[in-house]
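Visitor: Encoded as structure tokens, here's the structure I'll be asking about.
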Amino acid sequence: MDGAFTALLLVICVASSDAVQPPSNLTVSCQNLQTTVSWDYSDHQPHTIFWVTVSGSNFERPFNTTDHQYDLSEFVWSSEKYYLDFLCVTVTAVQDGSESEVVRSKSFSFSQLQSVDLKCELNFPPVDVRVAEMGSSVSFRNPLDFYKLRGTVEPGSAPELKYTVSLDGKSDFPGLCSEMDTNCKCDVKFSEDMEKCVTLKGELFFGSSHEVKFNKTEKFCSEENTADGTVVLAVVLGSIFLVVLIVAAVIIFKVKAWTMKIPSPSPHVMNMKRSPQQRCCSPSVDPDISPVSTFEQPSTHPKDDNCAGHLQGSDSGCDHSSYGYEGRACLGGSNLDLEAAGLMSGANGTDEDSADGSQSTECVSISSMEEERGAYDSRHFVHMDMGGGDMVNGYTGN
């Protein structure tokens, strides 16, 4: 007896281990036209195929997939007899020919007159609100055209849309749109202080046996209100852009002005930047010439020393004491002329060395190195012609 019971338990355990795990959390979702069914299943199971079966009042349609969901939209909306019927979905897991137990979903339908767990609804097409002095209106496309349902309608159904236009929740205007209408239109009347916006709700009737409900819409406003909002937004954005542009322009001009005000170096600094050679050797454009008088040591030579007339080509003589220029001479010409004439050096002067064409007179002191003293080694007083009838008194060294 105990042995038989143990064998029975082993058979039950083996059978349980070989059984295929069924799907769990089977859910049906209908968002507007989108109708899907999904479920949970362990990823650690062997390769599994799921049999999906859609059943109605008098039909069954099988499908299969390896995913954990299946899109039923194409099938449901292929015919009026599907989306208006009582619908249910079953799913079975299959592994190597072995099937799990069948899992059943909640019932659903797009018909509000069916006794189902889930009643699905549709959305209104986009609504156009027009406000005019002659009269305002609300219009939209016929849902049969917008959702392309005309080919799914059974002959004799004569679908008709009944809807209500609500103005600010205070005034309601009923509307009717038949199967033959391409666009649905309803005339409304706005008061002056009323917002030019509307909301809609309605049902699509298929005879007297079925109806598809449409969700209440969001608020649709007239183009005039939308234009006003657009103008306000454009003005605000334009003002912000203008402020940014002005700030950027001010910053640019300030930076440009700062770069243009870089101080240039003064002439004194520029002169200091010259090389020592330029500062020492470059002559001034308009040098200031001032007379310089110097005195040399008293000469021991007699007063009747003859003047070196050969410098001017003249035989005239002069006496040191008679003019009172003891040891002083006034020479004409620039330094270059004097040097050329031998008056700034210890060399003897000649007629060719004189500077007759000089434009200025400078009094300088000339001292010569008395290396050798002869009869004419001492300085001689001379009378020099500077040109243009200007005569000067000077002396020469040797």
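By convention here, the chains of the structure tokens are called A, B, ... in the order presented, each chain's residues are numbered starting at 1, and ligands are numbered starting at 1 in the order presented.
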When you look at segment 212-218 of chain A with a cut-off of 6 Å (counting only C-alpha atoms), what residues show up, excluding the ones that are within fewer than 3 positions of it in the same chain? I need them as a VMD selection string.

Guide: chain A and resid 110 to 111 121 to 123 199 to 204

Visitor: Can you tell me, as an MDAnalysis selection string, which residues in segment 140-268 of chain A count as alpha helix (DSSP H) by DSSP?

Guide: chainID A and resid 143:146 223:260 267:268

Visitor: What lies within 9 Å of segment 177-185 of chain A using only C-alpha atoms, ignoring chain neighbours under 4 positions off, as a ChimeraX atom specification?

Guide: /A:137-145,150,158-163

Visitor: One decimal, Å: what's the distance from atom CA of Val91 of chain A over to atom CA of Ser107 of chain A, could you say?

Guide: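 Those two atoms sit 13.6 Å apart.
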
Visitor: Calculated over only C-alpha atoms, which of the candidates A:Lys196, A:Arg61, A:Lys189, A:Arg104 has the smallest distance to Pro22 of chain A?

Guide: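 With only C-alpha atoms as the atom set, the closest residue is A:Arg104.
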
Visitor: So that I can check the surroundings of segment 28-34 of chain A, please list as a PyMOL selection string every protein, DNA and RNA residue that reaches within 10 Å of it, counting only C-alpha atoms and ignoring chain neighbours fewer than 5 positions away.

Guide: chain A and resi 39+69-74+76-77+83+88-89+105-110+118-124+147+214-215

Visitor: Work out how far atom CA of Cys221 of chain A is from atom CA of Val131 of chain A, in Å to one decimal.

Guide: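 Interatomic distance, atom CA of Val131 of chain A to atom CA of Cys221 of chain A: 9.7 Å.
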
Visitor: I need the residues of segment 21-96 of chain A that end up classed as strand (DSSP E or B) by DSSP on the backbone, written out as a PyMOL selection string.

Guide: chain A and resi 24-31+34-40+49-55+60-65+69-71+87-95

Visitor: Write the residues you've just listed into a file as a short mmCIF file (atom, residue, chain, number, x, y, z; two decimals), in the first residue's frame, and include N, CA, C and O atoms for each of them.

Guide:
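Writing the result to out30.cif gives the following:
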data_model
loop_
_atom_site.label_atom_id
_atom_site.label_comp_id
_atom_site.auth_asym_id
_atom_site.auth_seq_id
_atom_site.Cartn_x
_atom_site.Cartn_y
_atom_site.Cartn_z
N SER A 24 1.19 34.86 -17.67
CA SER A 24 0.53 35.51 -16.53
C SER A 24 0.29 36.99 -16.85
O SER A 24 0.90 37.56 -17.77
N ASN A 25 -0.59 37.60 -16.08
CA ASN A 25 -0.89 39.04 -16.20
C ASN A 25 -1.29 39.41 -17.63
O ASN A 25 -0.76 40.35 -18.23
N LEU A 26 -2.24 38.67 -18.19
CA LEU A 26 -2.73 38.92 -19.55
C LEU A 26 -3.59 40.19 -19.54
O LEU A 26 -4.56 40.30 -18.78
N THR A 27 -3.22 41.18 -20.40
CA THR A 27 -3.87 42.50 -20.38
C THR A 27 -4.23 42.92 -21.79
O THR A 27 -3.43 42.77 -22.72
N VAL A 28 -5.45 43.48 -21.95
CA VAL A 28 -5.90 44.06 -23.22
C VAL A 28 -5.91 45.57 -23.08
O VAL A 28 -6.39 46.13 -22.08
N SER A 29 -5.35 46.28 -24.10
CA SER A 29 -5.28 47.75 -24.09
C SER A 29 -5.85 48.28 -25.39
O SER A 29 -5.55 47.77 -26.47
N CYS A 30 -6.68 49.32 -25.29
CA CYS A 30 -7.23 49.98 -26.49
C CYS A 30 -7.08 51.49 -26.33
O CYS A 30 -7.77 52.11 -25.52
N GLN A 31 -6.15 52.06 -27.08
CA GLN A 31 -5.90 53.49 -27.10
C GLN A 31 -6.27 54.01 -28.47
O GLN A 31 -5.51 53.87 -29.43
N GLN A 34 -5.53 51.87 -31.60
CA GLN A 34 -4.49 50.92 -31.23
C GLN A 34 -5.01 49.92 -30.20
O GLN A 34 -5.34 50.29 -29.07
N THR A 35 -5.10 48.64 -30.61
CA THR A 35 -5.61 47.58 -29.74
C THR A 35 -4.55 46.50 -29.62
O THR A 35 -4.16 45.89 -30.63
N THR A 36 -4.06 46.23 -28.40
CA THR A 36 -2.99 45.26 -28.18
C THR A 36 -3.31 44.38 -26.98
O THR A 36 -4.10 44.77 -26.10
N VAL A 37 -2.68 43.22 -26.97
CA VAL A 37 -2.77 42.30 -25.84
C VAL A 37 -1.34 41.94 -25.44
O VAL A 37 -0.49 41.70 -26.30
N SER A 38 -1.05 41.90 -24.15
CA SER A 38 0.30 41.62 -23.66
C SER A 38 0.22 40.70 -22.45
O SER A 38 -0.83 40.61 -21.79
N TRP A 39 1.36 40.04 -22.13
CA TRP A 39 1.42 39.11 -21.00
C TRP A 39 2.84 39.01 -20.48
O TRP A 39 3.79 39.47 -21.13
N ASP A 40 3.01 38.42 -19.33
CA ASP A 40 4.32 38.20 -18.73
C ASP A 40 4.69 36.72 -18.86
O ASP A 40 3.82 35.84 -18.77
N ILE A 49 6.51 29.27 -28.00
CA ILE A 49 5.60 29.88 -28.97
C ILE A 49 4.27 30.12 -28.27
O ILE A 49 3.78 29.25 -27.53
N PHE A 50 3.67 31.28 -28.54
CA PHE A 50 2.41 31.61 -27.89
C PHE A 50 1.30 31.62 -28.93
O PHE A 50 1.40 32.29 -29.97
N TRP A 51 0.23 30.86 -28.62
CA TRP A 51 -0.94 30.87 -29.47
C TRP A 51 -1.92 31.92 -28.93
O TRP A 51 -2.36 31.85 -27.78
N VAL A 52 -2.24 32.87 -29.81
CA VAL A 52 -3.15 33.95 -29.44
C VAL A 52 -4.44 33.75 -30.23
O VAL A 52 -4.42 33.69 -31.47
N THR A 53 -5.56 33.71 -29.56
CA THR A 53 -6.85 33.48 -30.21
C THR A 53 -7.82 34.58 -29.82
O THR A 53 -8.03 34.85 -28.62
N VAL A 54 -8.39 35.25 -30.85
CA VAL A 54 -9.42 36.27 -30.63
C VAL A 54 -10.77 35.63 -30.95
O VAL A 54 -10.99 35.12 -32.04
N SER A 55 -11.63 35.71 -29.99
CA SER A 55 -12.95 35.09 -30.18
C SER A 55 -14.05 36.11 -29.96
O SER A 55 -13.90 37.07 -29.19
N GLU A 60 -13.82 32.74 -34.18
CA GLU A 60 -12.51 32.61 -33.53
C GLU A 60 -11.43 32.83 -34.58
O GLU A 60 -11.53 32.28 -35.68
N ARG A 61 -10.40 33.61 -34.22
CA ARG A 61 -9.30 33.87 -35.16
C ARG A 61 -7.98 33.64 -34.43
O ARG A 61 -7.67 34.38 -33.49
N PRO A 62 -7.21 32.58 -34.84
CA PRO A 62 -5.94 32.26 -34.16
C PRO A 62 -4.76 33.04 -34.75
O PRO A 62 -4.71 33.31 -35.96
N PHE A 63 -3.79 33.36 -33.90
CA PHE A 63 -2.52 33.96 -34.29
C PHE A 63 -1.44 33.33 -33.43
O PHE A 63 -1.73 32.69 -32.40
N ASN A 64 -0.17 33.47 -33.82
CA ASN A 64 0.93 32.97 -32.97
C ASN A 64 2.10 33.93 -33.05
O ASN A 64 2.31 34.62 -34.07
N THR A 65 2.87 33.96 -32.00
CA THR A 65 4.03 34.86 -31.89
C THR A 65 4.99 34.32 -30.84
O THR A 65 4.61 33.54 -29.98
N GLN A 69 3.70 40.02 -26.58
CA GLN A 69 2.56 40.89 -26.87
C GLN A 69 2.14 40.69 -28.33
O GLN A 69 2.92 40.15 -29.14
N TYR A 70 0.91 41.16 -28.63
CA TYR A 70 0.44 41.01 -30.01
C TYR A 70 -0.49 42.18 -30.31
O TYR A 70 -1.35 42.56 -29.48
N ASP A 71 -0.29 42.77 -31.53
CA ASP A 71 -1.10 43.90 -31.96
C ASP A 71 -2.34 43.38 -32.71
O ASP A 71 -2.23 42.77 -33.77
N LEU A 87 -15.69 40.85 -27.59
CA LEU A 87 -14.39 40.27 -27.92
C LEU A 87 -13.69 39.76 -26.67
O LEU A 87 -13.85 40.33 -25.57
N CYS A 88 -12.89 38.69 -26.87
CA CYS A 88 -12.09 38.12 -25.79
C CYS A 88 -10.84 37.49 -26.39
O CYS A 88 -10.87 37.00 -27.54
N VAL A 89 -9.74 37.47 -25.65
CA VAL A 89 -8.46 36.93 -26.14
C VAL A 89 -8.00 35.84 -25.19
O VAL A 89 -8.05 36.00 -23.96
N THR A 90 -7.49 34.75 -25.78
CA THR A 90 -6.88 33.67 -24.99
C THR A 90 -5.45 33.46 -25.49
O THR A 90 -5.17 33.62 -26.70
N VAL A 91 -4.53 33.08 -24.56
CA VAL A 91 -3.13 32.87 -24.90
C VAL A 91 -2.70 31.54 -24.30
O VAL A 91 -2.97 31.25 -23.13
N THR A 92 -1.94 30.73 -25.12
CA THR A 92 -1.41 29.44 -24.68
C THR A 92 0.06 29.37 -25.01
O THR A 92 0.48 29.73 -26.13
N ALA A 93 0.88 28.92 -24.06
CA ALA A 93 2.31 28.75 -24.28
C ALA A 93 2.57 27.33 -24.77
O ALA A 93 2.03 26.37 -24.20
N VAL A 94 3.44 27.20 -25.78
CA VAL A 94 3.75 25.90 -26.39
C VAL A 94 5.26 25.72 -26.40
O VAL A 94 5.99 26.58 -26.93
N GLN A 95 5.72 24.54 -25.83
CA GLN A 95 7.14 24.21 -25.80
C GLN A 95 7.32 22.75 -26.28
O GLN A 95 6.81 21.83 -25.61
#

Visitor: Please compute the atom CA of Ser208 of chain A-atom CA of Pro174 of chain A distance, one decimal, in Å.

Guide: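 Interatomic distance, atom CA of Ser208 of chain A to atom CA of Pro174 of chain A: 19.2 Å.
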
Visitor: Residues within 7 Å of His210 of chain A, please, as a list of chain:residue names. Count only C-alpha atoms; anything in the same chain fewer than 4 positions from it doesn't count.

Guide: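 Contacts, with the query itself left out: A:Leu84, A:Ser111, A:Gln112, A:Leu113, A:Phe205, A:Phe206.
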